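Note: the block below is final.cif and it holds mmCIF, C-alpha atoms.
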```
data_my_file
#
loop_
_atom_site.label_atom_id
_atom_site.label_comp_id
_atom_site.auth_asym_id
_atom_site.auth_seq_id
_atom_site.Cartn_x
_atom_site.Cartn_y
_atom_site.Cartn_z
CA MET A 428 -16.04 70.05 -9.64
CA TYR A 429 -19.65 68.92 -9.75
CA LEU A 430 -20.85 65.63 -8.33
CA MET A 431 -23.80 64.16 -10.20
CA GLY A 432 -25.81 61.53 -8.41
CA ASN A 433 -29.22 60.83 -6.91
CA PRO A 434 -29.94 63.06 -3.89
CA VAL A 435 -33.27 61.35 -3.11
CA TYR A 436 -31.65 57.92 -2.82
CA ILE A 437 -28.65 59.26 -0.91
CA GLU A 438 -30.90 61.02 1.61
CA LYS A 439 -33.03 57.91 2.09
CA LEU A 440 -29.95 55.72 2.45
CA LEU A 441 -28.39 57.90 5.15
CA THR A 442 -31.71 58.26 6.95
CA VAL A 443 -32.22 54.50 7.09
CA ILE A 444 -28.69 53.82 8.36
CA THR A 445 -28.65 56.55 11.01
CA ASP A 446 -32.18 55.73 12.21
CA ASN A 447 -31.11 52.13 12.63
CA ALA A 448 -28.03 53.15 14.63
CA VAL A 449 -30.04 55.39 16.94
CA LYS A 450 -32.71 52.72 17.38
CA PHE A 451 -30.24 50.12 18.64
CA THR A 452 -28.13 52.42 20.82
CA LYS A 453 -29.06 52.94 24.44
CA PRO A 454 -29.68 56.46 25.84
CA GLY A 455 -26.36 58.17 26.46
CA GLY A 456 -24.62 56.18 23.73
CA ASN A 457 -22.73 57.56 20.75
CA VAL A 458 -23.56 57.57 17.04
CA SER A 459 -21.00 58.98 14.58
CA VAL A 460 -21.43 59.64 10.85
CA TRP A 461 -18.90 60.66 8.24
CA CYS A 462 -18.33 61.19 4.53
CA ARG A 463 -15.01 61.28 2.70
CA GLU A 464 -13.70 61.02 -0.84
CA ILE A 465 -11.66 57.87 -1.31
CA SER A 466 -10.74 58.06 -5.02
CA GLU A 467 -11.30 60.12 -8.18
CA ASP A 468 -10.62 59.96 -11.90
CA ASP A 469 -11.70 61.96 -14.94
CA GLU A 470 -15.23 60.57 -14.91
CA ARG A 471 -16.11 59.41 -11.39
CA ALA A 472 -15.46 60.07 -7.74
CA PHE A 473 -16.00 57.46 -5.04
CA TYR A 474 -17.24 58.61 -1.67
CA GLU A 475 -17.40 56.65 1.54
CA PHE A 476 -20.38 57.20 3.82
CA GLY A 477 -20.24 55.65 7.25
CA CYS A 478 -22.19 55.35 10.48
CA SER A 479 -20.79 53.90 13.69
CA ASP A 480 -22.45 53.36 17.07
CA ASN A 481 -21.67 51.78 20.43
CA GLY A 482 -25.08 50.15 20.73
CA ILE A 483 -26.18 46.57 21.29
CA GLY A 484 -24.32 45.27 18.24
CA MET A 485 -24.70 41.75 16.89
CA SER A 486 -22.74 38.53 16.72
CA GLU A 487 -20.36 37.96 13.83
CA GLU A 488 -22.49 35.01 12.73
CA PHE A 489 -25.66 37.07 12.56
CA ALA A 490 -23.91 39.99 10.84
CA GLY A 491 -23.73 37.80 7.73
CA HIS A 492 -27.54 37.81 7.60
CA ALA A 493 -28.09 41.42 8.66
CA PHE A 494 -29.10 42.57 5.16
CA GLU A 495 -31.88 40.00 4.88
CA MET A 496 -35.49 41.15 5.25
CA PHE A 497 -36.97 41.24 8.77
CA SER A 498 -33.64 40.33 10.36
CA GLN A 499 -33.25 40.87 14.10
CA GLU A 500 -30.96 38.68 16.13
CA ASN A 501 -33.31 37.71 18.95
CA LYS A 502 -36.74 38.29 20.39
CA THR A 503 -35.33 40.52 23.11
CA SER A 504 -34.03 43.09 20.64
CA ARG A 505 -37.33 43.08 18.76
CA THR A 506 -39.25 43.74 21.98
CA GLN A 507 -36.93 46.34 23.45
CA TYR A 508 -36.01 48.11 20.21
CA GLU A 509 -39.03 48.73 17.99
CA GLY A 510 -38.59 47.99 14.30
CA THR A 511 -39.44 45.59 11.50
CA GLY A 512 -35.89 44.56 10.59
CA LEU A 513 -36.18 46.14 7.14
CA GLY A 514 -33.69 48.98 7.61
CA LEU A 515 -30.50 47.27 6.43
CA ALA A 516 -32.33 45.35 3.67
CA ILE A 517 -33.61 48.64 2.25
CA ALA A 518 -30.14 50.21 2.59
CA LYS A 519 -28.58 47.35 0.63
CA LYS A 520 -31.14 47.66 -2.17
CA ILE A 521 -30.59 51.42 -2.45
CA THR A 522 -26.81 51.07 -2.39
CA GLU A 523 -26.86 48.47 -5.14
CA ARG A 524 -29.16 50.67 -7.21
CA LEU A 525 -26.65 53.50 -6.89
CA GLY A 526 -23.89 51.19 -8.12
CA GLY A 527 -22.17 51.06 -4.75
CA THR A 528 -21.29 48.59 -2.02
CA ILE A 529 -22.25 48.29 1.63
CA GLU A 530 -20.44 46.52 4.46
CA ILE A 531 -21.20 45.94 8.11
CA LYS A 532 -18.92 45.19 11.03
CA SER A 533 -20.39 44.50 14.43
CA LYS A 534 -19.60 43.00 17.80
CA LYS A 535 -22.11 41.88 20.40
CA ASN A 536 -22.65 44.55 23.10
CA CYS A 537 -19.95 46.76 21.55
CA GLY A 538 -21.60 48.40 18.56
CA THR A 539 -21.95 48.41 14.78
CA THR A 540 -20.27 50.19 11.88
CA VAL A 541 -21.91 50.39 8.46
CA THR A 542 -19.81 51.62 5.53
CA MET A 543 -21.13 52.47 2.07
CA THR A 544 -19.03 53.30 -0.99
CA ILE A 545 -20.97 55.24 -3.63
CA PRO A 546 -19.76 56.36 -7.09
CA PHE A 547 -20.68 59.79 -8.46
CA LYS A 548 -20.20 61.13 -11.96
CA THR A 549 -17.93 64.18 -12.02
CA GLY A 550 -17.42 67.16 -14.28
CA VAL A 551 -16.94 70.88 -14.45
CA GLN A 552 -20.01 72.46 -15.95
CA ASN A 553 -21.21 75.93 -16.75
CA LEU A 554 -24.22 76.56 -14.53
CA MET A 555 -26.12 78.52 -17.18
CA GLN A 556 -25.59 75.74 -19.72
CA TYR A 557 -26.87 73.20 -17.21
CA THR A 558 -29.98 75.25 -16.46
CA GLU A 559 -30.78 75.71 -20.13
CA ASN A 560 -30.43 71.97 -20.76
CA VAL A 561 -32.82 71.14 -17.92
CA ASN A 562 -35.44 73.58 -19.18
CA THR A 563 -35.19 72.23 -22.72
CA GLU A 564 -35.60 68.65 -21.58
CA SER A 565 -38.57 69.46 -19.36
CA THR A 566 -40.49 71.05 -22.24
CA GLU A 567 -39.89 68.04 -24.46
CA ASP A 568 -41.00 65.47 -21.91
CA ILE A 569 -44.13 64.93 -19.84
CA PRO A 570 -43.71 66.57 -16.43
CA LEU A 571 -44.15 64.30 -13.44
CA GLU A 572 -43.28 66.62 -10.57
CA GLY A 573 -46.23 67.39 -8.33
CA LEU A 574 -48.31 64.37 -9.31
CA HIS A 575 -50.06 62.54 -6.48
CA ALA A 576 -49.65 58.76 -6.53
CA LEU A 577 -51.15 56.02 -4.37
CA ILE A 578 -49.20 52.77 -4.01
CA ALA A 579 -50.98 49.65 -2.75
CA GLU A 580 -48.34 47.08 -1.75
CA ASP A 581 -48.16 44.71 1.23
CA ASN A 582 -44.43 43.99 0.91
CA GLU A 583 -42.62 46.76 2.79
CA LEU A 584 -39.36 46.46 0.86
CA ASN A 585 -41.09 46.56 -2.54
CA LEU A 586 -43.14 49.49 -1.29
CA GLU A 587 -40.07 51.48 -0.23
CA ILE A 588 -38.29 50.88 -3.55
CA ALA A 589 -41.30 51.89 -5.66
CA LYS A 590 -41.85 54.92 -3.44
CA LEU A 591 -38.24 56.02 -3.92
CA MET A 592 -38.46 55.66 -7.69
CA LEU A 593 -41.47 57.96 -7.78
CA GLU A 594 -40.23 60.48 -5.23
CA GLU A 595 -37.02 60.80 -7.23
CA LYS A 596 -39.15 62.37 -9.98
CA GLY A 597 -40.85 64.78 -7.58
CA ILE A 598 -44.04 62.75 -7.26
CA CYS A 599 -45.96 62.92 -3.98
CA VAL A 600 -46.59 59.38 -2.76
CA GLU A 601 -49.09 57.91 -0.31
CA CYS A 602 -49.21 54.24 0.62
CA ALA A 603 -51.76 51.55 1.35
CA ALA A 604 -50.95 48.15 2.86
CA ASP A 605 -53.61 46.23 0.92
CA GLY A 606 -56.38 46.59 -1.63
CA LYS A 607 -59.05 47.36 0.94
CA GLU A 608 -57.06 50.28 2.34
CA ALA A 609 -56.34 51.54 -1.19
CA VAL A 610 -60.04 51.63 -2.03
CA ALA A 611 -60.79 53.45 1.25
CA LYS A 612 -58.07 56.07 0.65
CA PHE A 613 -59.30 56.73 -2.89
CA GLU A 614 -62.94 56.85 -1.81
CA GLU A 615 -62.18 59.31 1.01
CA SER A 616 -60.10 61.63 -1.17
CA GLU A 617 -61.43 64.57 -3.15
CA PRO A 618 -62.09 63.79 -6.83
CA GLY A 619 -58.92 64.40 -8.81
CA TYR A 620 -56.64 64.30 -5.75
CA TYR A 621 -54.81 61.18 -6.92
CA ASP A 622 -53.33 61.19 -10.43
CA VAL A 623 -52.35 57.52 -10.55
CA ILE A 624 -52.62 54.31 -8.53
CA PHE A 625 -49.95 51.58 -8.49
CA MET A 626 -51.61 48.35 -7.44
CA ASP A 627 -49.96 45.12 -6.33
CA ILE A 628 -51.99 42.05 -7.31
CA MET A 629 -51.50 39.57 -4.48
CA MET A 630 -52.49 41.35 -1.24
CA PRO A 631 -54.39 40.33 1.90
CA TYR A 632 -58.01 41.37 2.60
CA MET A 633 -58.56 42.48 -1.02
CA ASN A 634 -56.37 41.69 -4.02
CA GLY A 635 -55.41 44.25 -6.63
CA TRP A 636 -57.90 43.10 -9.25
CA ASP A 637 -60.85 43.26 -6.86
CA ALA A 638 -59.68 46.63 -5.54
CA THR A 639 -59.52 47.98 -9.10
CA ARG A 640 -63.02 46.72 -9.87
CA LYS A 641 -64.29 48.38 -6.70
CA ILE A 642 -62.66 51.70 -7.61
CA ARG A 643 -64.03 51.61 -11.14
CA THR A 644 -67.61 51.21 -9.85
CA LEU A 645 -67.48 54.14 -7.41
CA GLN A 646 -69.90 56.96 -8.18
CA ARG A 647 -67.38 59.77 -8.66
CA PRO A 648 -66.07 61.53 -11.79
CA ASP A 649 -62.49 60.22 -11.60
CA ALA A 650 -63.31 56.58 -10.80
CA ASP A 651 -63.25 55.40 -14.41
CA LYS A 652 -60.47 57.75 -15.53
CA ILE A 653 -57.65 57.47 -13.01
CA PRO A 654 -54.77 55.33 -14.35
CA ILE A 655 -54.27 52.12 -12.36
CA ILE A 656 -50.99 50.33 -13.00
CA ALA A 657 -50.58 46.70 -11.92
CA MET A 658 -47.38 45.58 -10.17
CA SER A 659 -47.13 41.79 -10.20
CA ALA A 660 -44.54 39.04 -9.81
CA ASN A 661 -46.35 37.16 -12.61
CA ALA A 662 -45.89 37.90 -16.29
CA PHE A 663 -48.14 35.15 -17.64
CA ALA A 664 -50.56 36.15 -20.38
CA GLU A 665 -53.48 35.12 -18.17
CA ASP A 666 -52.39 37.54 -15.42
CA ILE A 667 -51.94 40.41 -17.86
CA ILE A 668 -55.37 39.73 -19.35
CA ASN A 669 -56.95 39.62 -15.89
CA SER A 670 -55.35 42.96 -15.05
CA HIS A 671 -56.91 44.57 -18.11
CA ILE A 672 -60.26 42.90 -17.52
CA SER A 673 -60.36 44.25 -13.97
CA GLY A 674 -59.90 47.79 -15.31
CA MET A 675 -56.17 48.31 -15.01
CA ASN A 676 -54.37 50.40 -17.61
CA TRP A 677 -50.93 48.76 -17.49
CA HIS A 678 -49.24 45.62 -16.15
CA LEU A 679 -45.69 45.82 -14.77
CA THR A 680 -43.77 42.77 -13.61
CA LYS A 681 -41.52 42.65 -10.55
CA PRO A 682 -38.81 43.42 -9.78
CA ILE A 683 -39.93 46.86 -10.91
CA ASP A 684 -37.59 48.61 -13.32
CA ALA A 685 -37.48 52.40 -12.89
CA ASP A 686 -37.40 53.14 -16.63
CA LYS A 687 -40.33 50.84 -17.35
CA LEU A 688 -42.23 52.35 -14.41
CA MET A 689 -41.80 55.87 -15.78
CA THR A 690 -42.66 54.77 -19.32
CA ALA A 691 -45.91 53.23 -18.10
CA LEU A 692 -46.77 56.30 -16.05
CA LYS A 693 -46.07 58.75 -18.87
CA GLU A 694 -48.03 56.69 -21.36
CA CYS A 695 -51.03 56.60 -19.01
CA ILE A 696 -50.73 60.35 -18.47
CA ARG A 697 -50.63 60.94 -22.20
CA LYS A 698 -53.69 58.79 -22.85
CA ASN A 699 -55.68 60.26 -19.95
CA ASN A 700 -54.60 63.87 -20.56
CA ILE A 701 -53.63 64.39 -16.92
CA ARG A 702 -51.03 66.98 -17.89
#
```
Exercise: express the given structure as structure tokens:
Amino acid sequence: MYLMGNPVYIEKLLTVITDNAVKFTKPGGNVSVWCREISEDDERAFYEFGCSDNGIGMSEEFAGHAFEMFSQENKTSRTQYEGTGLGLAIAKKITERLGGTIEIKSKKNCGTTVTMTIPFKTGVQNLMQYTENVNTESTEDIPLEGLHALIAEDNELNLEIAKLMLEEKGICVECAADGKEAVAKFEESEPGYYDVIFMDIMMPYMNGWDATRKIRTLQRPDADKIPIIAMSANAFAEDIINSHISGMNWHLTKPIDADKLMTALKECIRKNNIR
């Protein structure tokens, strides 16, 4: 039996959960992980992934808010245990994207257990047939694997989700926390190193429109050719027009949809003859 799912998301999910457990467990403590099949039918199999620790834990009251962004129960934990409080928020987003559920049980000074139930499509498939289908599809579509993308986004959760969407397609991703850093990374790179830039609009130090204008005026051969795709919470006509006026090739609205993201990227690739 074959399980068909998303290995990139699963790896990221397990990494986030186990890193969080290790982070909040004192030296000499225990962290346990497991995976087991809990049900199966003709089309899907449900697997339970879990991680349990005997770390600092959290109160039952706070556990209800543990999946919110930047959540840490008190200042002491933030000082003693480094972290932004994004781990569980990211895990919840990934789990929901995979069509699964995530639960947390915790007790102060006793530890935490996080359990995720993820569905996988199932089937028995001839390996040669599968390989032939993949090759056929790849010749009919625009290849994305190996592209180098730069994402400029100041919201860490949005950044992680967009990064995962791209890495799932084999795209190499680098990140910038604001427009100023994005311009610096592009300017310091070799011409042609980046194939596409995803640019948030509202960012500190330099917004996405100003960063795009700056990139377009740089004296280098790829400055006016590299696709720049806007990522914005606003879908007003004025915002879309401003994106195009600044030199952007496409305007995506948040929350970012993976299919729309790939459509925009492929269309920009086609128009710019990157591949």
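Put simply, the PyMOL selection byres ((chain A and resi 695) around 12) on this file hits Ile569, Leu571, Asp622, Val623, Ile624, Phe625, Lys652, Ile653, Pro654, Ile655, Ile656, Met675, Asn676, Trp677, His678, Leu688, Met689, Thr690, Ala691, Leu692, Lys693, Glu694, Ile696, Arg697, Lys698, Asn699, Asn700, Ile701 and Arg702 of chain A.
The gap separating CA of Lys520 (chain A) from CA of Lys548 (chain A) is 19.9 Å, in Å to one decimal.
For the structure shown here, the set of residues caught by the PyMOL selection byres ((chain A and resi 682) around 9) is Asn585, Met658, Ser659, Ala660, Leu679, Thr680, Lys681, Ile683 and Asp684 of chain A.
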May I have the selected residues written with C-alpha atoms, as a CSV table (one decimal), in the coordinates of the input?
```csv
chain,number,residue,atom,x,y,z
A,585,ASN,CA,-41.1,46.6,-2.5
A,658,MET,CA,-47.4,45.6,-10.2
A,659,SER,CA,-47.1,41.8,-10.2
A,660,ALA,CA,-44.5,39.0,-9.8
A,679,LEU,CA,-45.7,45.8,-14.8
A,680,THR,CA,-43.8,42.8,-13.6
A,681,LYS,CA,-41.5,42.6,-10.6
A,683,ILE,CA,-39.9,46.9,-10.9
A,684,ASP,CA,-37.6,48.6,-13.3
```
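Put simply, CA of Pro648 (chain A) is 12.3 Å away from CA of Tyr621 (chain A).
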**Prompt:** Excluding same-chain residues fewer than 5 positions from Phe494 (chain A), what lies within 12 Å of it counting all atoms listed in the file, as a list in words?
**Reply:** Ile444, Phe489, Gln499, Glu500, Gly512, Leu513, Gly514, Leu515, Ala516, Ile517, Ala518, Lys519, Lys520, Ile521, Thr522, Ile529, Glu530, Ile531, Val541 and Leu584 of chain A
Write the residues you've just listed into a file as a PDB file, keeping the file's coordinate frame, and include C-alpha atoms for each of them.
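This is the output file result.pdb:
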```
ATOM      1  CA  ILE A 444     -28.690  53.820   8.360  1.00  0.00           C
ATOM      2  CA  PHE A 489     -25.660  37.070  12.560  1.00  0.00           C
ATOM      3  CA  GLN A 499     -33.250  40.870  14.100  1.00  0.00           C
ATOM      4  CA  GLU A 500     -30.960  38.680  16.130  1.00  0.00           C
ATOM      5  CA  GLY A 512     -35.890  44.560  10.590  1.00  0.00           C
ATOM      6  CA  LEU A 513     -36.180  46.140   7.140  1.00  0.00           C
ATOM      7  CA  GLY A 514     -33.690  48.980   7.610  1.00  0.00           C
ATOM      8  CA  LEU A 515     -30.500  47.270   6.430  1.00  0.00           C
ATOM      9  CA  ALA A 516     -32.330  45.350   3.670  1.00  0.00           C
ATOM     10  CA  ILE A 517     -33.610  48.640   2.250  1.00  0.00           C
ATOM     11  CA  ALA A 518     -30.140  50.210   2.590  1.00  0.00           C
ATOM     12  CA  LYS A 519     -28.580  47.350   0.630  1.00  0.00           C
ATOM     13  CA  LYS A 520     -31.140  47.660  -2.170  1.00  0.00           C
ATOM     14  CA  ILE A 521     -30.590  51.420  -2.450  1.00  0.00           C
ATOM     15  CA  THR A 522     -26.810  51.070  -2.390  1.00  0.00           C
ATOM     16  CA  ILE A 529     -22.250  48.290   1.630  1.00  0.00           C
ATOM     17  CA  GLU A 530     -20.440  46.520   4.460  1.00  0.00           C
ATOM     18  CA  ILE A 531     -21.200  45.940   8.110  1.00  0.00           C
ATOM     19  CA  VAL A 541     -21.910  50.390   8.460  1.00  0.00           C
ATOM     20  CA  LEU A 584     -39.360  46.460   0.860  1.00  0.00           C
TER      21      LEU A 584
END
```
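The coordinates place CA of Phe547 (chain A) at 20.3 Å from CA of Ile588 (chain A).
Compared by their closest atoms to Ala638 (chain A), and using all atoms listed in the file, the residues A:Asn661, A:Ser616, A:Thr540, A:Ser670 rank with A:Ser670 nearest.
Each of A:Asn447, A:Thr549, A:Thr542, A:Asn536 was checked against Cys462 (chain A) using all atoms listed in the file; the smallest atom-to-atom distance is that of A:Thr542.
Nearest to Leu645 (chain A) of all the residues A:Met626, A:Glu614, A:Ala448, A:Phe663 is A:Glu614, based on only C-alpha atoms.
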**Request:** Could you tell me which residues the PyMOL selection byres ((chain A and resi 525) around 12) grabs in this file, written as number ranges by chain?
**Result:** A: 431-437, 439-440, 473-474, 518-524, 526-529, 543-548
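With all atoms listed in the file taken into account, the protein and nucleic acid residues at most 8 Å from Tyr632 (chain A) (excluding it and anything under 2 positions from it in its own chain) are Asp605, Gly606, Lys607, Met630 and Asn634 of chain A.
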